[in-house]
$ cat protein34.cif   # mmCIF, C-alpha atoms
data_target
#
loop_
_atom_site.label_atom_id
_atom_site.label_comp_id
_atom_site.auth_asym_id
_atom_site.auth_seq_id
_atom_site.Cartn_x
_atom_site.Cartn_y
_atom_site.Cartn_z
CA MET A 710 177.87 117.43 12.19
CA LYS A 711 176.56 114.42 14.09
CA TYR A 712 174.43 115.27 17.14
CA LYS A 713 175.96 114.31 20.46
CA HIS A 714 174.46 114.47 23.95
CA LEU A 715 175.60 117.55 25.82
CA THR A 716 177.31 117.16 29.18
CA ARG A 717 176.42 118.99 32.36
CA GLU A 718 179.59 121.06 32.01
CA GLN A 719 178.65 122.08 28.47
CA ARG A 720 175.20 123.18 29.66
CA TYR A 721 176.79 125.51 32.20
CA GLU A 722 178.99 126.90 29.42
CA ILE A 723 175.91 127.44 27.23
CA GLY A 724 174.18 129.23 30.10
CA ALA A 725 177.15 131.52 30.62
CA TYR A 726 177.49 132.34 26.93
CA LEU A 727 173.77 133.03 26.52
CA ALA A 728 173.79 135.28 29.58
CA SER A 729 176.63 137.20 27.93
CA GLY A 730 174.56 137.68 24.79
CA MET A 731 176.59 135.34 22.57
CA LYS A 732 175.02 133.99 19.37
CA GLN A 733 174.25 130.30 18.87
CA LYS A 734 176.86 129.99 16.11
CA PHE A 735 179.57 131.34 18.43
CA ILE A 736 178.53 128.95 21.22
CA ALA A 737 178.46 125.98 18.84
CA GLU A 738 182.00 126.72 17.68
CA LYS A 739 183.25 127.01 21.26
CA LEU A 740 181.67 123.71 22.29
CA HIS A 741 182.57 121.94 19.01
CA VAL A 742 178.97 120.97 18.30
CA SER A 743 176.51 121.92 15.55
CA VAL A 744 174.36 125.03 15.69
CA SER A 745 171.30 122.77 15.58
CA THR A 746 172.50 121.12 18.79
CA ILE A 747 172.49 124.48 20.58
CA SER A 748 169.15 125.40 19.05
CA ARG A 749 167.64 122.07 20.09
CA GLU A 750 169.04 122.43 23.61
CA LYS A 751 167.47 125.89 24.03
CA LYS A 752 164.13 124.76 22.64
CA ARG A 753 163.88 121.63 24.80
CA ASN A 754 165.28 122.93 28.06
CA SER A 755 164.40 126.62 28.35
CA THR A 756 161.86 127.79 30.92
CA LYS A 757 158.29 128.76 30.02
CA ILE A 758 159.33 132.39 29.68
CA GLY A 759 162.15 131.46 27.31
CA THR A 760 165.18 131.81 29.59
CA TYR A 761 167.90 129.17 29.78
CA ASN A 762 169.16 127.94 33.15
CA ALA A 763 171.87 125.28 33.08
CA GLN A 764 170.83 123.60 36.33
CA LYS A 765 167.19 123.42 35.28
CA ALA A 766 168.20 122.17 31.84
CA GLN A 767 170.18 119.33 33.40
CA GLU A 768 167.25 118.43 35.66
CA LEU A 769 164.90 118.25 32.66
CA THR A 770 167.41 116.08 30.80
CA ASN A 771 167.75 113.72 33.77
CA GLU A 772 163.96 113.42 33.99
CA ARG A 773 163.76 112.44 30.33
CA LYS A 774 166.53 109.89 30.81
CA GLU A 775 164.67 108.41 33.76
CA ARG A 776 161.46 108.10 31.76
CA PHE A 777 163.43 106.53 28.89
CA CYS A 778 165.04 103.97 31.19
CA LYS A 779 161.67 102.99 32.64
CA ASN A 780 160.54 102.05 29.15
CA ARG A 781 163.66 99.96 28.51
CA ARG A 782 163.48 96.95 30.78
CA LEU A 783 165.91 94.05 30.75
CA THR A 784 163.29 91.60 29.51
CA SER A 785 164.02 87.93 28.89
CA THR A 786 164.28 88.65 25.15
CA VAL A 787 166.75 91.50 25.67
CA LYS A 788 168.71 89.43 28.19
CA THR A 789 169.00 86.51 25.78
CA PHE A 790 170.23 88.83 23.01
CA VAL A 791 172.81 90.45 25.30
CA GLU A 792 174.13 87.16 26.67
CA GLU A 793 174.37 85.64 23.21
CA LYS A 794 176.42 88.56 21.87
CA ILE A 795 178.72 88.50 24.90
CA THR A 796 179.32 84.74 25.13
CA GLN A 797 179.32 83.79 21.45
CA GLU A 798 180.74 86.89 19.79
CA GLN A 799 182.49 88.65 22.69
CA TRP A 800 180.77 91.96 21.99
CA SER A 801 181.24 94.71 24.57
CA PRO A 802 178.21 96.46 26.13
CA GLN A 803 179.09 99.56 24.10
CA GLN A 804 179.07 97.53 20.89
CA ILE A 805 175.75 95.91 21.77
CA VAL A 806 174.03 99.22 22.52
CA GLY A 807 175.59 100.97 19.53
CA TYR A 808 174.54 98.21 17.14
CA CYS A 809 170.99 98.10 18.51
CA LYS A 810 170.63 101.87 18.24
CA LYS A 811 171.80 101.76 14.63
CA GLU A 812 169.45 98.90 13.74
CA GLY A 813 166.46 100.18 15.74
CA ILE A 814 166.49 97.24 18.17
CA THR A 815 165.13 97.78 21.68
CA MET A 816 168.01 97.74 24.15
CA VAL A 817 168.88 98.85 27.68
CA SER A 818 171.75 101.19 28.51
CA VAL A 819 175.43 100.30 28.60
CA GLU A 820 175.48 100.64 32.37
CA ARG A 821 172.46 98.34 32.76
CA ILE A 822 174.28 95.65 30.78
CA TYR A 823 177.31 96.03 33.04
CA GLN A 824 175.00 95.72 36.05
CA HIS A 825 173.64 92.48 34.64
CA ILE A 826 177.17 91.15 34.09
CA ARG A 827 178.15 92.02 37.67
CA GLU A 828 174.96 90.43 39.02
CA ASP A 829 175.69 87.30 37.00
CA LYS A 830 179.24 87.21 38.36
CA SER A 831 178.04 87.53 41.97
CA LYS A 832 175.84 84.47 41.41
CA GLY A 833 178.74 82.43 40.05
CA GLY A 834 178.06 83.12 36.39
CA SER A 835 180.73 83.42 33.71
CA LEU A 836 179.55 86.31 31.53
CA TYR A 837 182.39 88.52 32.80
CA LYS A 838 184.97 86.01 31.53
CA HIS A 839 183.98 86.87 27.97
CA MET A 840 184.82 90.55 28.48
CA ARG A 841 188.22 91.77 27.33
CA HIS A 842 189.02 93.27 30.75
CA GLN A 843 186.84 90.85 32.77
CA LEU A 844 185.40 93.84 34.73
CA LYS A 845 188.78 94.63 36.27
CA HIS A 846 188.93 98.23 35.02
CA ARG A 847 185.30 99.02 35.77
CA LYS A 848 185.51 97.49 39.22
CA LYS A 849 188.31 99.86 40.14
CA GLY A 850 186.36 102.89 39.05
CA LEU A 851 183.08 101.81 40.60
CA HIS A 852 184.50 101.13 44.04
CA LYS A 853 187.02 103.92 44.34
CA LYS A 854 187.18 104.98 47.96
CA GLN A 855 186.64 108.65 48.63
CA CYS A 856 188.54 110.49 51.34
CA LYS A 857 186.20 112.17 53.78
CA VAL A 858 186.82 115.78 54.77
CA GLU A 859 185.21 116.59 58.11
CA ASP A 860 182.80 119.53 58.53
CA LYS A 861 183.10 120.60 54.92
CA ARG A 862 180.68 123.11 53.42
CA SER A 863 179.01 122.02 50.17
CA ILE A 864 179.07 124.11 47.01
CA GLU A 865 175.28 124.02 47.21
CA GLU A 866 175.56 126.55 50.06
CA ARG A 867 177.74 128.90 48.02
CA PRO A 868 176.14 132.26 47.08
CA ALA A 869 174.62 132.29 43.60
CA ILE A 870 176.60 135.41 42.69
CA VAL A 871 179.80 133.34 42.59
CA GLU A 872 178.58 131.48 39.50
CA GLN A 873 177.88 134.76 37.70
CA ASN A 874 181.57 135.87 37.72
CA THR A 875 180.53 139.48 38.25
CA GLU A 876 181.90 139.96 41.77
CA PHE A 877 185.63 140.05 42.47
CA GLY A 878 187.14 137.84 45.16
CA HIS A 879 185.87 134.32 44.46
CA TRP A 880 188.60 131.73 43.87
CA GLU A 881 189.05 128.11 42.82
CA ILE A 882 191.91 125.98 44.13
CA ASP A 883 193.49 122.78 42.85
CA LEU A 884 196.68 120.71 42.68
CA ILE A 885 198.80 119.50 39.79
CA VAL A 886 200.68 116.33 40.72
CA GLY A 887 204.07 115.31 39.36
CA ALA A 888 205.30 112.06 37.82
CA GLY A 889 204.76 109.00 39.98
CA ASN A 890 202.36 111.00 42.16
CA LYS A 891 205.41 112.76 43.63
CA GLY A 892 205.55 116.49 44.12
CA ALA A 893 202.69 118.95 43.75
CA ILE A 894 201.99 122.42 42.43
CA LEU A 895 199.24 124.52 43.97
CA THR A 896 197.02 126.61 41.66
CA LEU A 897 194.63 129.39 42.74
CA VAL A 898 192.56 131.27 40.17
CA GLU A 899 190.21 134.23 40.64
CA ARG A 900 186.93 133.77 38.77
CA LYS A 901 186.19 137.32 37.58
CA THR A 902 189.66 138.31 36.31
CA LYS A 903 191.02 134.76 35.61
CA MET A 904 194.21 135.73 37.49
CA LEU A 905 196.22 132.60 38.27
CA PHE A 906 198.64 132.09 41.15
CA ILE A 907 200.97 129.08 41.12
CA LYS A 908 203.25 127.74 43.84
CA LYS A 909 205.37 124.63 44.14
CA LEU A 910 204.65 122.77 47.39
CA PRO A 911 207.89 121.64 49.12
CA GLN A 912 205.99 119.02 51.16
CA GLY A 913 203.73 117.82 48.39
CA LYS A 914 200.08 117.10 49.13
CA LYS A 915 200.28 117.34 52.93
CA ALA A 916 197.21 119.21 54.12
CA LYS A 917 198.58 121.51 56.82
CA PRO A 918 201.62 122.80 54.88
CA LEU A 919 199.32 123.33 51.91
CA ALA A 920 196.90 125.39 54.00
CA ASN A 921 199.76 127.50 55.35
CA MET A 922 201.04 128.06 51.81
CA VAL A 923 197.61 129.31 50.70
CA VAL A 924 197.59 131.77 53.59
CA GLU A 925 201.08 132.98 52.68
CA MET A 926 200.13 133.45 49.01
CA MET A 927 196.82 135.18 49.61
CA LEU A 928 197.59 137.27 52.69
CA PRO A 929 198.42 140.41 50.64
CA TYR A 930 194.89 140.23 49.18
CA LYS A 931 193.08 139.23 52.38
CA ASN A 932 190.62 142.14 52.21
CA SER A 933 189.54 141.15 48.69
CA ILE A 934 189.01 137.40 49.11
CA LYS A 935 185.48 136.17 49.75
CA THR A 936 185.36 132.45 48.88
CA ILE A 937 187.52 129.54 47.75
CA THR A 938 186.11 126.38 46.15
CA SER A 939 187.99 123.06 45.94
CA ASP A 940 187.41 119.42 45.10
CA ASN A 941 187.09 116.76 47.81
CA GLY A 942 190.76 115.81 48.08
CA LYS A 943 192.08 115.17 51.59
CA GLU A 944 194.86 117.66 50.85
CA PHE A 945 192.27 120.39 51.54
CA SER A 946 191.16 118.91 54.88
CA GLU A 947 192.86 121.74 56.83
CA PHE A 948 190.66 124.33 55.13
CA LYS A 949 189.66 125.83 58.49
CA ILE A 950 193.17 127.28 58.84
CA ILE A 951 192.60 129.11 55.56
CA GLU A 952 189.14 130.29 56.58
CA LYS A 953 190.33 131.61 59.94
CA LYS A 954 193.50 133.40 58.80
CA LEU A 955 192.07 134.88 55.61
CA ASN A 956 188.54 135.50 56.89
CA LEU A 957 186.83 133.78 53.97
CA THR A 958 184.41 130.90 53.35
CA PHE A 959 185.67 127.61 51.91
CA TYR A 960 183.38 125.41 49.78
CA PHE A 961 183.73 121.89 48.41
CA ALA A 962 182.39 120.80 45.01
CA HIS A 963 180.56 117.50 44.56
CA ALA A 964 182.61 114.37 43.93
CA TYR A 965 183.27 113.60 40.23
CA SER A 966 181.93 117.04 39.25
CA SER A 967 184.90 118.80 37.67
CA TRP A 968 182.58 121.15 35.75
CA GLU A 969 181.80 122.86 39.08
CA ARG A 970 185.41 124.06 39.05
CA GLY A 971 185.69 124.55 35.32
CA LEU A 972 187.97 127.57 35.53
CA SER A 973 190.42 125.67 37.72
CA GLU A 974 190.47 122.76 35.29
CA HIS A 975 191.07 125.15 32.37
CA SER A 976 193.85 126.95 34.25
CA ASN A 977 195.60 123.68 35.02
CA ARG A 978 195.57 122.81 31.32
CA ASN A 979 197.30 126.13 30.67
CA VAL A 980 199.98 125.20 33.18
CA ARG A 981 200.34 121.77 31.57
CA GLN A 982 201.34 123.54 28.36
CA TYR A 983 204.60 124.33 30.13
CA ILE A 984 204.72 121.38 32.53
CA PRO A 985 203.47 118.26 30.68
CA LYS A 986 202.18 115.19 32.48
CA ASN A 987 204.82 112.80 33.81
CA THR A 988 207.19 115.70 34.44
CA ASP A 989 209.56 115.21 37.35
CA PHE A 990 208.77 118.23 39.55
CA ARG A 991 212.25 118.11 41.03
CA GLN A 992 213.41 119.61 37.74
CA ILE A 993 211.01 122.56 38.08
CA THR A 994 212.44 125.55 39.97
CA ASP A 995 210.60 128.38 41.73
CA ASN A 996 211.82 130.72 39.01
CA ASP A 997 210.28 128.41 36.40
CA ILE A 998 206.97 128.64 38.25
CA LYS A 999 207.12 132.43 38.42
CA LEU A 1000 207.80 132.68 34.69
CA ILE A 1001 204.93 130.32 33.83
CA GLN A 1002 202.58 132.30 36.06
CA TYR A 1003 203.61 135.56 34.40
CA LYS A 1004 203.18 134.20 30.87
CA ILE A 1005 199.70 132.83 31.53
CA ASN A 1006 198.49 136.01 33.25
CA ASN A 1007 200.00 138.18 30.51
CA ARG A 1008 197.93 136.54 27.76
CA PRO A 1009 194.98 138.58 26.40
CA ARG A 1010 191.86 136.45 27.03
CA GLU A 1011 188.83 136.36 24.75
CA VAL A 1012 186.51 135.81 27.71
CA LEU A 1013 187.83 139.09 29.16
CA GLY A 1014 187.40 141.04 25.96
CA PHE A 1015 191.08 140.41 25.24
CA GLU A 1016 192.18 142.11 28.44
CA LYS A 1017 195.05 140.49 30.35
CA PRO A 1018 194.25 138.84 33.70
CA LYS A 1019 197.11 140.62 35.48
CA ASP A 1020 195.91 144.04 34.31
CA LEU A 1021 192.35 143.43 35.47
CA PHE A 1022 193.30 141.79 38.75
CA TYR A 1023 195.26 144.71 40.13
CA LYS A 1024 192.39 147.07 39.36
CA PHE A 1025 190.27 145.21 41.94
CA ALA A 1026 192.77 143.81 44.45
CA ASN A 1027 193.48 145.80 47.59
#
$ encode --input "protein34.cif" --output "structure tokens"
Amino acid sequence: MKYKHLTREQRYEIGAYLASGMKQKFIAEKLHVSVSTISREKKRNSTKIGTYNAQKAQELTNERKERFCKNRRLTSTVKTFVEEKITQEQWSPQQIVGYCKKEGITMVSVERIYQHIREDKSKGGSLYKHMRHQLKHRKKGLHKKQCKVEDKRSIEERPAIVEQNTEFGHWEIDLIVGAGNKGAILTLVERKTKMLFIKKLPQGKKAKPLANMVVEMMLPYKNSIKTITSDNGKEFSEFKIIEKKLNLTFYFAHAYSSWERGLSEHSNRNVRQYIPKNTDFRQITDNDIKLIQYKINNRPREVLGFEKPKDLFYKFAN
């Protein structure tokens, strides 16, 4: 199997599996990589005493990348090669870097080439005109405006025990949006038992109605809830209502860091098995939602030793 660079999310998965005593072969199969990739990751990024910490592993990887980039400058020779391939042969930055890697030619990163193209464009140059998308797609992604949530509490402040999934009462929250960005379904999942609660939101992504719905859903379990973690969407901007009425602490993950809410992302994919993308939510009834919730929570889960989430959840909830 060809070696591929591991993502931050995969490193957290490796850390969790290793902490659970799983073998490298098992981990490799779960992450769809080779056993040698897992072995190499442990060897390169474990601590001096031989333990593996995902956060530390990512920091070590980033340091190596930084050192690598410092040795790969956009020299005049590299610049000439890049510009020739773009203007005369209409190669993409990915094709340039991939070719150079294959042939052993010194080259900068894909992103550095894009930076050069943008710099050239800002000076009146025409490199971007030789790109298939003329930077239109990348420009949208690079300058996407983020909605600011006031007084939010960062995931960095969240107790370390939450990540361990050993203590009951820590939740992740998210939304699934309907076709045409119309309609929304709220999902709440408990980290230890993987119990998933789903609710259709009559008023869509509006923050205050959403907060009130969370309170209504979780009120029966108020004494068991400790934390909720969300992304940075403005739909969660009324989180203080949830904190006050349920007596919990609300945390926000970093932007563009879906791996920090990996369970929520996985749970949403389970829901999408029944409600595919581009579904008109007006066709989904409350009874449909209840049935989907029951089916997902009634599945035996490997991560739980093939226990069912609903059976485990009600052992802890009070």
$ closest_residue --input "protein34.cif" --among "A:Ser743, A:Asp829, A:Leu919, A:Leu897" --to "Ser946 of chain A" --atoms "only C-alpha atoms"
A:Leu919
$ residues_around --input "protein34.cif" --residues "Asn1027 of chain A" --least-positions-apart "4" --cutoff "8 Å" --atoms "all atoms listed in the file" --output "ChimeraX atom specification"
/A:929-930,932-933,1023
$ atom_distance --input "protein34.cif" --atom1 "atom CA of Ser976 of chain A" --atom2 "atom CA of Pro911 of chain A"
21.1 Å
$ residues_around --input "protein34.cif" --residues "segment 980-992 of chain A" --least-positions-apart "3" --cutoff "6 Å" --atoms "all atoms listed in the file" --output "list in words"
Gly887, Ala888, Gly892 and Asn977 of chain A
$ closest_residue --input "protein34.cif" --among "A:His963, A:Lys891, A:His839, A:Lys915" --to "Ser863 of chain A" --atoms "all atoms listed in the file"
A:His963
$ closest_residue --input "protein34.cif" --among "A:Gly813, A:Ser729, A:Gln764, A:Phe906" --to "Thr875 of chain A" --atoms "only C-alpha atoms"
A:Ser729
$ residues_around --input "protein34.cif" --residues "Leu928 of chain A" --least-positions-apart "2" --cutoff "12 Å" --atoms "only C-alpha atoms" --output "JSON, numbers by chain"
{"A": [920, 921, 922, 923, 924, 925, 926, 930, 931, 932, 933, 934, 951, 952, 953, 954, 955, 956, 957, 1026, 1027]}
$ closest_residue --input "protein34.cif" --among "A:Lys788, A:Arg841, A:Lys810, A:Lys917" --to "Phe948 of chain A" --atoms "all atoms listed in the file"
A:Lys917
$ resolve_selection --input "protein34.cif" --expression "the PyMOL selection byres ((chain A and resi 837) around 10)" --output "PyMOL selection string"
chain A and resi 795-796+823+825-830+834-836+838-845
$ atom_distance --input "protein34.cif" --atom1 "atom CA of Phe1015 of chain A" --atom2 "atom CA of Lys999 of chain A"
22.2 Å
$ residues_near_point --input "protein34.cif" --point "(174.2, 118.7, 21.3)" --cutoff "12 Å" --atoms "all atoms listed in the file" --output "NGL selection string"
:A and (710-717 or 719-720 or 723 or 733 or 736-738 or 740-754 or 770)
